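**Student:** You'll find work-v3.txt just under this line, and it carries compact mmCIF, C-alpha atoms and all ligand atoms.
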```txt
# COMPACT_ATOMS: atom_id res chain seq x y z
CA MET A 2 0.00 0.00 0.00
CA THR A 3 1.26 3.49 -0.83
CA THR A 4 0.68 6.14 1.84
CA PRO A 5 0.24 9.74 0.61
CA VAL A 6 2.27 12.21 2.72
CA THR A 7 2.44 15.98 3.06
CA ILE A 8 6.01 17.31 3.30
CA LEU A 9 6.68 20.50 5.27
CA GLY A 10 9.63 22.76 4.38
CA PRO A 11 10.43 21.21 0.96
CA SER A 12 13.05 23.91 0.32
CA GLY A 13 15.02 23.00 3.47
CA ARG A 14 17.91 20.57 3.84
CA MET A 15 15.68 17.84 5.29
CA GLY A 16 12.69 18.71 3.07
CA GLN A 17 14.82 18.14 -0.02
CA ALA A 18 16.20 14.89 1.40
CA LEU A 19 12.62 13.72 2.12
CA ILE A 20 11.45 14.44 -1.42
CA ALA A 21 14.49 12.72 -2.93
CA ALA A 22 14.09 9.67 -0.68
CA ALA A 23 10.33 9.41 -1.30
CA ALA A 24 10.91 9.24 -5.06
CA GLY A 25 12.77 5.95 -4.60
CA ARG A 26 10.21 4.25 -2.32
CA ASP A 27 6.93 2.50 -3.06
CA ASP A 28 5.40 2.65 0.47
CA VAL A 29 4.90 6.45 0.34
CA ARG A 30 4.27 9.18 -2.22
CA VAL A 31 4.42 12.95 -1.85
CA ALA A 32 0.86 14.31 -2.07
CA ALA A 33 1.46 17.92 -0.97
CA ALA A 34 4.28 20.27 0.03
CA LEU A 35 3.93 23.21 2.44
CA ASP A 36 6.48 25.99 2.91
CA ARG A 37 6.62 29.58 4.20
CA GLY A 38 4.77 32.15 2.09
CA ASP A 39 8.05 33.91 1.28
CA SER A 40 9.95 30.70 0.42
CA PRO A 41 11.56 30.74 -3.02
CA ALA A 42 10.08 27.27 -3.47
CA GLN A 43 6.50 28.61 -3.60
CA GLY A 44 4.70 27.42 -6.74
CA LYS A 45 7.51 25.03 -7.77
CA GLU A 46 6.71 21.43 -8.69
CA VAL A 47 8.65 19.24 -6.21
CA ALA A 48 7.07 15.87 -7.10
CA PRO A 49 4.88 14.79 -10.02
CA GLY A 50 1.80 17.06 -9.93
CA VAL A 51 2.74 18.57 -6.52
CA THR A 52 3.45 22.30 -6.31
CA VAL A 53 4.56 24.01 -3.09
CA THR A 54 1.81 25.90 -1.25
CA ALA A 55 1.62 28.16 1.82
CA LEU A 56 -1.94 27.07 2.66
CA ILE A 57 -1.75 24.81 5.74
CA ASP A 58 -5.33 23.56 5.55
CA ALA A 59 -5.11 22.62 1.86
CA ALA A 60 -1.75 20.88 2.34
CA LEU A 61 -3.01 18.81 5.29
CA ALA A 62 -6.21 17.87 3.44
CA ALA A 63 -4.13 16.08 0.78
CA ALA A 64 -2.83 13.19 2.94
CA PRO A 65 -3.53 11.25 6.16
CA VAL A 66 -0.05 12.10 7.53
CA TYR A 67 2.46 14.96 7.33
CA ILE A 68 6.21 15.07 7.94
CA ASP A 69 7.62 18.12 9.72
CA PHE A 70 11.35 19.00 9.75
CA THR A 71 11.05 22.81 10.01
CA MET A 72 11.20 25.25 12.94
CA PRO A 73 9.35 25.19 16.29
CA ALA A 74 7.00 28.08 15.32
CA ALA A 75 5.92 26.22 12.17
CA THR A 76 5.58 22.95 14.09
CA GLN A 77 3.24 24.65 16.57
CA ALA A 78 1.07 26.36 13.93
CA VAL A 79 0.69 23.23 11.78
CA ALA A 80 -0.01 20.93 14.76
CA ALA A 81 -2.96 23.15 15.74
CA VAL A 82 -4.52 22.85 12.28
CA ALA A 83 -3.72 19.11 12.13
CA ARG A 84 -5.55 18.65 15.43
CA ALA A 85 -8.74 20.07 13.94
CA ARG A 86 -8.32 17.73 10.94
CA ARG A 87 -7.09 14.70 12.98
CA VAL A 88 -4.12 14.23 10.67
CA ALA A 89 -1.26 11.93 11.81
CA ALA A 90 2.20 13.47 12.11
CA VAL A 91 5.89 12.58 11.95
CA ILE A 92 7.85 15.35 13.66
CA GLY A 93 11.62 15.68 13.50
CA THR A 94 11.98 19.39 14.28
CA THR A 95 14.25 19.91 17.31
CA GLY A 96 14.71 22.69 19.86
CA LEU A 97 10.98 22.58 20.68
CA ASP A 98 9.74 25.03 23.34
CA ALA A 99 7.01 24.26 25.89
CA ALA A 100 4.22 25.88 23.83
CA THR A 101 5.13 23.76 20.79
CA ASP A 102 5.30 20.64 22.93
CA ASP A 103 1.78 21.48 24.22
CA ALA A 104 0.52 21.82 20.63
CA ILE A 105 1.99 18.39 19.81
CA SER A 106 0.35 16.91 22.91
CA GLY A 107 -2.96 18.43 21.75
CA LEU A 108 -2.59 16.75 18.37
CA ALA A 109 -1.58 13.44 20.00
CA GLU A 110 -4.93 13.44 21.87
CA VAL A 111 -6.77 12.93 18.59
CA ALA A 112 -4.19 11.47 16.18
CA PRO A 113 -1.02 9.32 16.27
CA VAL A 114 2.24 11.32 16.31
CA VAL A 115 5.79 10.00 15.88
CA LEU A 116 8.23 12.41 17.50
CA ALA A 117 11.97 11.72 17.44
CA PRO A 118 15.06 13.91 17.73
CA ASN A 119 16.76 11.50 15.35
CA PHE A 120 15.14 9.21 12.76
CA SER A 121 18.22 7.16 11.87
CA VAL A 122 18.14 3.45 12.68
CA GLY A 123 21.78 3.65 13.81
CA VAL A 124 21.19 6.44 16.35
CA ASN A 125 18.20 4.63 17.82
CA LEU A 126 20.37 1.55 18.28
CA VAL A 127 23.04 3.76 19.90
CA LEU A 128 20.39 5.11 22.32
CA GLY A 129 19.81 1.55 23.51
CA LEU A 130 23.56 0.81 23.76
CA VAL A 131 24.19 3.98 25.77
CA ALA A 132 21.33 3.21 28.16
CA GLN A 133 22.72 -0.29 28.68
CA ALA A 134 26.21 1.11 29.35
CA ALA A 135 24.82 3.65 31.86
CA ARG A 136 22.86 0.91 33.67
CA VAL A 137 25.92 -1.33 33.99
CA LEU A 138 28.44 1.43 34.84
CA GLY A 139 26.28 3.61 37.10
CA PRO A 140 26.88 7.30 37.99
CA ALA A 141 30.42 6.59 39.27
CA TRP A 142 31.49 6.72 35.59
CA ASP A 143 31.41 10.31 34.32
CA ALA A 144 29.12 10.62 31.26
CA GLU A 145 29.75 13.36 28.69
CA ILE A 146 28.33 13.82 25.19
CA VAL A 147 30.00 15.71 22.36
CA GLU A 148 28.01 16.55 19.23
CA LEU A 149 29.15 18.10 15.92
CA HIS A 150 26.87 19.78 13.37
CA HIS A 151 26.98 22.13 10.36
CA THR A 152 27.12 25.90 10.84
CA ALA A 153 23.43 26.53 10.03
CA LYS A 154 22.07 24.42 12.89
CA ARG A 155 19.96 26.64 15.17
CA ASP A 156 19.60 24.71 18.44
CA ALA A 157 22.27 23.44 20.83
CA PRO A 158 22.95 20.95 22.22
CA SER A 159 21.27 18.90 19.48
CA GLY A 160 18.00 17.09 20.15
CA THR A 161 19.91 13.83 19.72
CA ALA A 162 22.54 14.83 22.30
CA LEU A 163 19.73 15.65 24.75
CA GLY A 164 18.07 12.33 23.89
CA LEU A 165 21.31 10.49 24.70
CA ALA A 166 21.66 12.46 27.96
CA ARG A 167 18.04 11.62 28.85
CA ALA A 168 18.63 7.91 28.12
CA ILE A 169 21.68 7.92 30.42
CA ALA A 170 19.80 9.78 33.18
CA MET A 171 16.81 7.43 32.98
CA ALA A 172 19.03 4.34 33.05
CA ARG A 173 20.69 5.67 36.24
CA GLY A 174 17.42 6.77 37.87
CA GLN A 175 18.35 10.47 37.61
CA ASP A 176 16.35 13.53 36.55
CA LEU A 177 18.13 15.16 33.58
CA ALA A 178 16.80 18.60 34.60
CA GLN A 179 18.86 18.24 37.81
CA VAL A 180 22.08 16.69 36.40
CA GLY A 181 22.31 17.99 32.80
CA ARG A 182 25.19 20.45 32.19
CA TYR A 183 25.41 22.16 28.79
CA SER A 184 28.16 24.73 29.25
CA ARG A 185 31.30 25.35 31.34
CA ASP A 186 33.03 28.69 31.39
CA GLY A 187 35.29 30.37 33.98
CA GLU A 188 35.83 29.12 37.56
CA VAL A 189 33.43 26.19 37.38
CA GLY A 190 35.16 24.13 40.11
CA PRO A 191 35.49 20.34 40.15
CA ARG A 192 32.99 18.28 38.16
CA PRO A 193 30.09 17.25 40.43
CA ALA A 194 29.60 13.48 40.66
CA GLY A 195 26.65 12.22 38.64
CA GLU A 196 26.60 15.19 36.25
CA ILE A 197 25.80 14.49 32.57
CA GLY A 198 27.50 16.93 30.20
CA ALA A 199 26.60 17.70 26.59
CA VAL A 200 28.60 20.11 24.45
CA ALA A 201 28.01 21.36 20.92
CA VAL A 202 30.65 21.92 18.22
CA ARG A 203 29.62 23.79 15.03
CA GLY A 204 31.45 23.92 11.73
CA GLY A 205 31.37 23.31 7.99
CA ASP A 206 28.82 20.92 6.52
CA VAL A 207 28.84 18.19 9.20
CA VAL A 208 25.53 16.28 8.89
CA GLY A 209 25.62 15.14 12.54
CA GLU A 210 28.05 13.29 14.84
CA HIS A 211 27.51 12.18 18.44
CA THR A 212 29.86 10.51 20.91
CA ALA A 213 28.86 9.46 24.42
CA TYR A 214 31.89 9.14 26.70
CA PHE A 215 31.93 7.13 29.91
CA PHE A 216 35.06 7.97 31.94
CA GLY A 217 36.09 5.43 34.59
CA ALA A 218 39.22 5.24 36.73
CA GLY A 219 41.93 3.99 34.35
CA GLU A 220 39.63 3.32 31.40
CA ARG A 221 37.17 5.05 29.06
CA ILE A 222 34.34 3.93 26.81
CA GLU A 223 33.21 5.87 23.71
CA VAL A 224 30.03 5.11 21.79
CA SER A 225 29.84 7.06 18.52
CA HIS A 226 27.49 7.61 15.61
CA ARG A 227 28.46 9.57 12.50
CA ALA A 228 25.85 10.57 9.94
CA THR A 229 27.27 11.36 6.51
CA ASP A 230 24.01 11.61 4.54
CA ARG A 231 20.64 13.20 5.49
CA GLY A 232 19.00 10.34 3.60
CA ILE A 233 19.19 8.23 6.77
CA PHE A 234 16.85 10.63 8.61
CA ALA A 235 14.59 11.00 5.55
CA HIS A 236 14.16 7.25 5.04
CA GLY A 237 13.48 6.77 8.76
CA ALA A 238 10.83 9.51 8.72
CA LEU A 239 9.16 8.13 5.58
CA ARG A 240 9.11 4.66 7.13
CA ALA A 241 7.52 6.22 10.24
CA ALA A 242 4.87 7.95 8.07
CA ALA A 243 3.87 4.66 6.42
CA TRP A 244 3.78 3.01 9.88
CA VAL A 245 1.84 5.64 11.85
CA VAL A 246 -1.31 5.91 9.71
CA GLY A 247 -4.11 3.94 11.39
CA LYS A 248 -2.40 3.74 14.80
CA LYS A 249 -4.26 4.85 17.95
CA PRO A 250 -3.92 8.52 18.97
CA GLY A 251 -0.85 9.15 21.13
CA ARG A 252 2.85 9.89 21.07
CA TYR A 253 5.20 7.35 19.55
CA ASP A 254 8.94 7.41 18.87
CA MET A 255 11.33 5.70 16.50
CA LEU A 256 11.79 2.73 18.84
CA ASP A 257 8.05 1.99 18.33
CA VAL A 258 8.41 2.28 14.55
CA LEU A 259 11.45 -0.02 14.50
CA GLY A 260 9.85 -2.53 16.90
CA MET A 261 12.75 -2.01 19.34
CA ARG A 262 10.65 -1.73 22.54
P1 LIG B 1 16.38 24.13 7.10
O1 LIG B 1 16.53 25.49 7.67
O2 LIG B 1 17.29 23.72 5.96
O3 LIG B 1 14.87 23.92 6.60
C1 LIG B 1 13.75 24.37 7.31
C2 LIG B 1 12.58 24.45 6.36
O4 LIG B 1 11.40 24.81 7.09
C3 LIG B 1 12.75 25.49 5.24
O5 LIG B 1 12.33 24.92 4.03
C4 LIG B 1 11.80 26.60 5.69
O6 LIG B 1 11.33 27.36 4.58
C5 LIG B 1 10.70 25.74 6.31
N1 LIG B 1 9.76 26.52 7.12
C6 LIG B 1 10.02 27.50 8.01
N2 LIG B 1 8.88 28.00 8.49
C7 LIG B 1 7.86 27.32 7.90
C8 LIG B 1 6.45 27.38 7.97
N3 LIG B 1 5.85 28.28 8.79
N4 LIG B 1 5.72 26.51 7.24
C9 LIG B 1 6.33 25.62 6.44
N5 LIG B 1 7.65 25.52 6.30
C10 LIG B 1 8.42 26.36 7.03
O7 LIG B 1 16.55 23.12 8.32
P2 LIG B 1 16.96 21.57 8.30
O8 LIG B 1 18.43 21.40 8.40
O9 LIG B 1 16.20 20.88 7.20
O10 LIG B 1 16.38 21.12 9.72
C11 LIG B 1 15.01 21.32 10.05
C12 LIG B 1 14.77 20.78 11.46
O11 LIG B 1 14.91 19.35 11.47
C13 LIG B 1 15.73 21.31 12.53
O12 LIG B 1 15.00 21.50 13.74
C14 LIG B 1 16.74 20.17 12.69
O13 LIG B 1 17.36 20.15 13.95
C15 LIG B 1 15.82 18.99 12.52
N6 LIG B 1 16.47 17.72 12.13
C16 LIG B 1 15.99 16.62 12.74
C17 LIG B 1 16.51 15.39 12.38
C18 LIG B 1 15.87 14.15 12.99
O14 LIG B 1 16.26 13.02 12.63
N7 LIG B 1 14.89 14.31 13.89
C19 LIG B 1 17.49 15.27 11.42
C20 LIG B 1 17.97 16.44 10.80
C21 LIG B 1 17.44 17.68 11.16
```
Kindly present the structure from the file in structure tokens form.
Ligand code: NAD
**Tutor:**
Amino acid sequence: MTTPVTILGPSGRMGQALIAAAAGRDDVRVAAALDRGDSPAQGKEVAPGVTVTALIDAALAAAPVYIDFTMPAATQAVAAVARARRVAAVIGTTGLDAATDDAISGLAEVAPVVLAPNFSVGVNLVLGLVAQAARVLGPAWDAEIVELHHTAKRDAPSGTALGLARAIAMARGQDLAQVGRYSRDGEVGPRPAGEIGAVAVRGGDVVGEHTAYFFGAGERIEVSHRATDRGIFAHGALRAAAWVVGKKPGRYDMLDVLGMR
């Protein structure tokens, strides 16, 4: 069965990757494309018979599911309209604020929503590996995450780095809000035991790299993932779109889609 999907932000890095990836798959087809009114992509044909529009309602009417890799403000606005239409969603936008998270929760009350800071199969496997390492090693091993991304990335640390930090905190029975540390500058003093650090490096055209370090006494473990092609996120999101249609309302993540729970 081929699932029609609406793509948000077709002029963006991920939007373009989604359209390219969809062209090579038979489980999904692009039915509509929605971008900002002032996007240079407006009116362009991005898939056979699909021209970019700025009309949210019309774009969401074209398919039972939409894929959103845009910006938090767009995510919030589209989720509100999708709620009224009960359209399923696959959301990859990161750096979400509380109001946007509320809008997603509102949509998830009436439709199924897959939300993931990273749609690659490899990163979702790494999340499981890192949680297992944290469970075995405990807070006596210092956990730090380093992430690298291209210069245009807006949020820091990355959603994936925060996801890794959350997985470590949960595995150790900690609250990330209490132990997460995202910057060090000046006289910071000794590292508190149990802290989980995450630092962002920005440069060039790096698609996305994450390393979780576990520092013990006399030894160190590093678990790394390096993305070299946005296609991995695009294919994961398209797979999620085909999967989510017809599911019960609620929030799902990539572990649900991959059957890794
Ligand atoms: P980008 O800046 O290249 O593209 C953003 C797109 O959103 C643009 O096309 C822009 O015109 C569009 N947009 C902005 N406002 C809009 C609106 N109101 N309606 C419709 N479209 C709108 O960014 P990018 O590199 O493609 O990343 C987008 C988001 O996806 C970021 O939050 C990034 O962190 C995230 N991301 C997530 C994953 C994942 O696996 N979850 C992977 C890569 C990127």
**Student:** Go ahead and fit an axis-aligned box to every listed atom of range 91-101 of chain A plus 6 Å each side, and pass me the centre and edge lengths in Å, one decimal, as lines of an AutoDock Vina configuration file.
**Tutor:**
```
center_x = 9.5
center_y = 19.2
center_z = 18.9
size_x = 22.5
size_y = 25.3
size_z = 25.9
```
**Student:** Looking at A:Gly190, A:Pro113, A:Gly13, A:Gly50, which one is nearest to ligand LIG 1 (chain B), with distances taken over all atoms listed in the file?
**Tutor:**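 Under the stated criterion, the closest residue is A:Gly13.
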**Student:** Residues within 6 Å of ligand LIG 1 (chain B) should be enumerated using all atoms listed in the file and returned as a list in words.
**Tutor:**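 The neighbouring residues of ligand LIG 1 (chain B) are, in order, Leu9, Gly10, Pro11, Ser12, Gly13, Arg14, Met15, Gly16, Leu35, Asp36, Arg37, Ser40, Phe70, Thr71, Met72, Ala75, Gly93, Thr94, Thr95, Ala117, Pro118, Asn119, Phe120 and Phe234 of chain A.
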**Student:** What is the distance between CA of Arg155 in chain A and CA of Ala81 in chain A, in Å to one decimal?
**Tutor:** 23.2 Å
**Student:** I need the residue nearest Val131 in chain A from this list: A:Arg86, A:Arg221, A:Arg167, A:Arg192. Use all atoms listed in the file for the distance.
**Tutor:**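 Nearest to Val131 in chain A: A:Arg167.
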**Student:** May I ask for the distance between CA of Asp28 in chain A and CA of Ala80 in chain A, given in Å to one decimal place?
**Tutor:**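 These two atoms are separated by 23.8 Å.
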**Student:** Taking (29.2, 16.3, 11.4) as a centre in this file's frame and 9 Å as the limit, can you find every polymer residue with an atom that close, using all atoms listed in the file, and give them as a list in words?
**Tutor:**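 Collected hits near the coordinates: Glu148, Leu149, His150, His151, Val202, Arg203, Gly204, Gly205, Asp206, Val207, Val208, Gly209, Glu210, His211, Arg227, Ala228 and Thr229 of chain A.
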**Student:** Convert the current residue selection to file output with C-alpha atoms, as a PDB file, in the coordinates of the input.
**Tutor:**
```pdb
ATOM      1  CA  GLU A 148      28.010  16.550  19.230  1.00  0.00           C
ATOM      2  CA  LEU A 149      29.150  18.100  15.920  1.00  0.00           C
ATOM      3  CA  HIS A 150      26.870  19.780  13.370  1.00  0.00           C
ATOM      4  CA  HIS A 151      26.980  22.130  10.360  1.00  0.00           C
ATOM      5  CA  VAL A 202      30.650  21.920  18.220  1.00  0.00           C
ATOM      6  CA  ARG A 203      29.620  23.790  15.030  1.00  0.00           C
ATOM      7  CA  GLY A 204      31.450  23.920  11.730  1.00  0.00           C
ATOM      8  CA  GLY A 205      31.370  23.310   7.990  1.00  0.00           C
ATOM      9  CA  ASP A 206      28.820  20.920   6.520  1.00  0.00           C
ATOM     10  CA  VAL A 207      28.840  18.190   9.200  1.00  0.00           C
ATOM     11  CA  VAL A 208      25.530  16.280   8.890  1.00  0.00           C
ATOM     12  CA  GLY A 209      25.620  15.140  12.540  1.00  0.00           C
ATOM     13  CA  GLU A 210      28.050  13.290  14.840  1.00  0.00           C
ATOM     14  CA  HIS A 211      27.510  12.180  18.440  1.00  0.00           C
ATOM     15  CA  ARG A 227      28.460   9.570  12.500  1.00  0.00           C
ATOM     16  CA  ALA A 228      25.850  10.570   9.940  1.00  0.00           C
ATOM     17  CA  THR A 229      27.270  11.360   6.510  1.00  0.00           C
TER      18      THR A 229
END
```
**Student:** Smallest atom-to-atom distance to Leu19 in chain A: which of A:Asp58, A:Asp230, A:Asp143, A:Glu223, using only C-alpha atoms?
**Tutor:**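 Nearest to Leu19 in chain A: A:Asp230.
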**Student:** Restricting the calculation to only C-alpha atoms: of A:Ala78, A:Ile8, A:Leu56, A:Ile197, which residue gets closest to Ile105 in chain A?
**Tutor:**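 Using only C-alpha atoms, Ile105 in chain A sits closest to A:Ala78.
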**Student:** Please indicate the distance in Å from CA of Thr7 in chain A to CA of Thr52 in chain A, rounded to one decimal place.
**Tutor:**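 Rounded to one decimal, the two atoms are 11.3 Å apart.
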**Student:** Quick one: residues within 7 Å of Ala199 in chain A, only C-alpha atoms counted, chain neighbours fewer than 4 positions away excluded, as a compact mmCIF listing (two decimals) with C-alpha atoms, in the frame of the given file?
**Tutor:**
```txt
# COMPACT_ATOMS: atom_id res chain seq x y z
CA GLU A 145 29.75 13.36 28.69
CA ILE A 146 28.33 13.82 25.19
CA VAL A 147 30.00 15.71 22.36
CA PRO A 158 22.95 20.95 22.22
CA ALA A 162 22.54 14.83 22.30
CA ARG A 182 25.19 20.45 32.19
CA TYR A 183 25.41 22.16 28.79
```
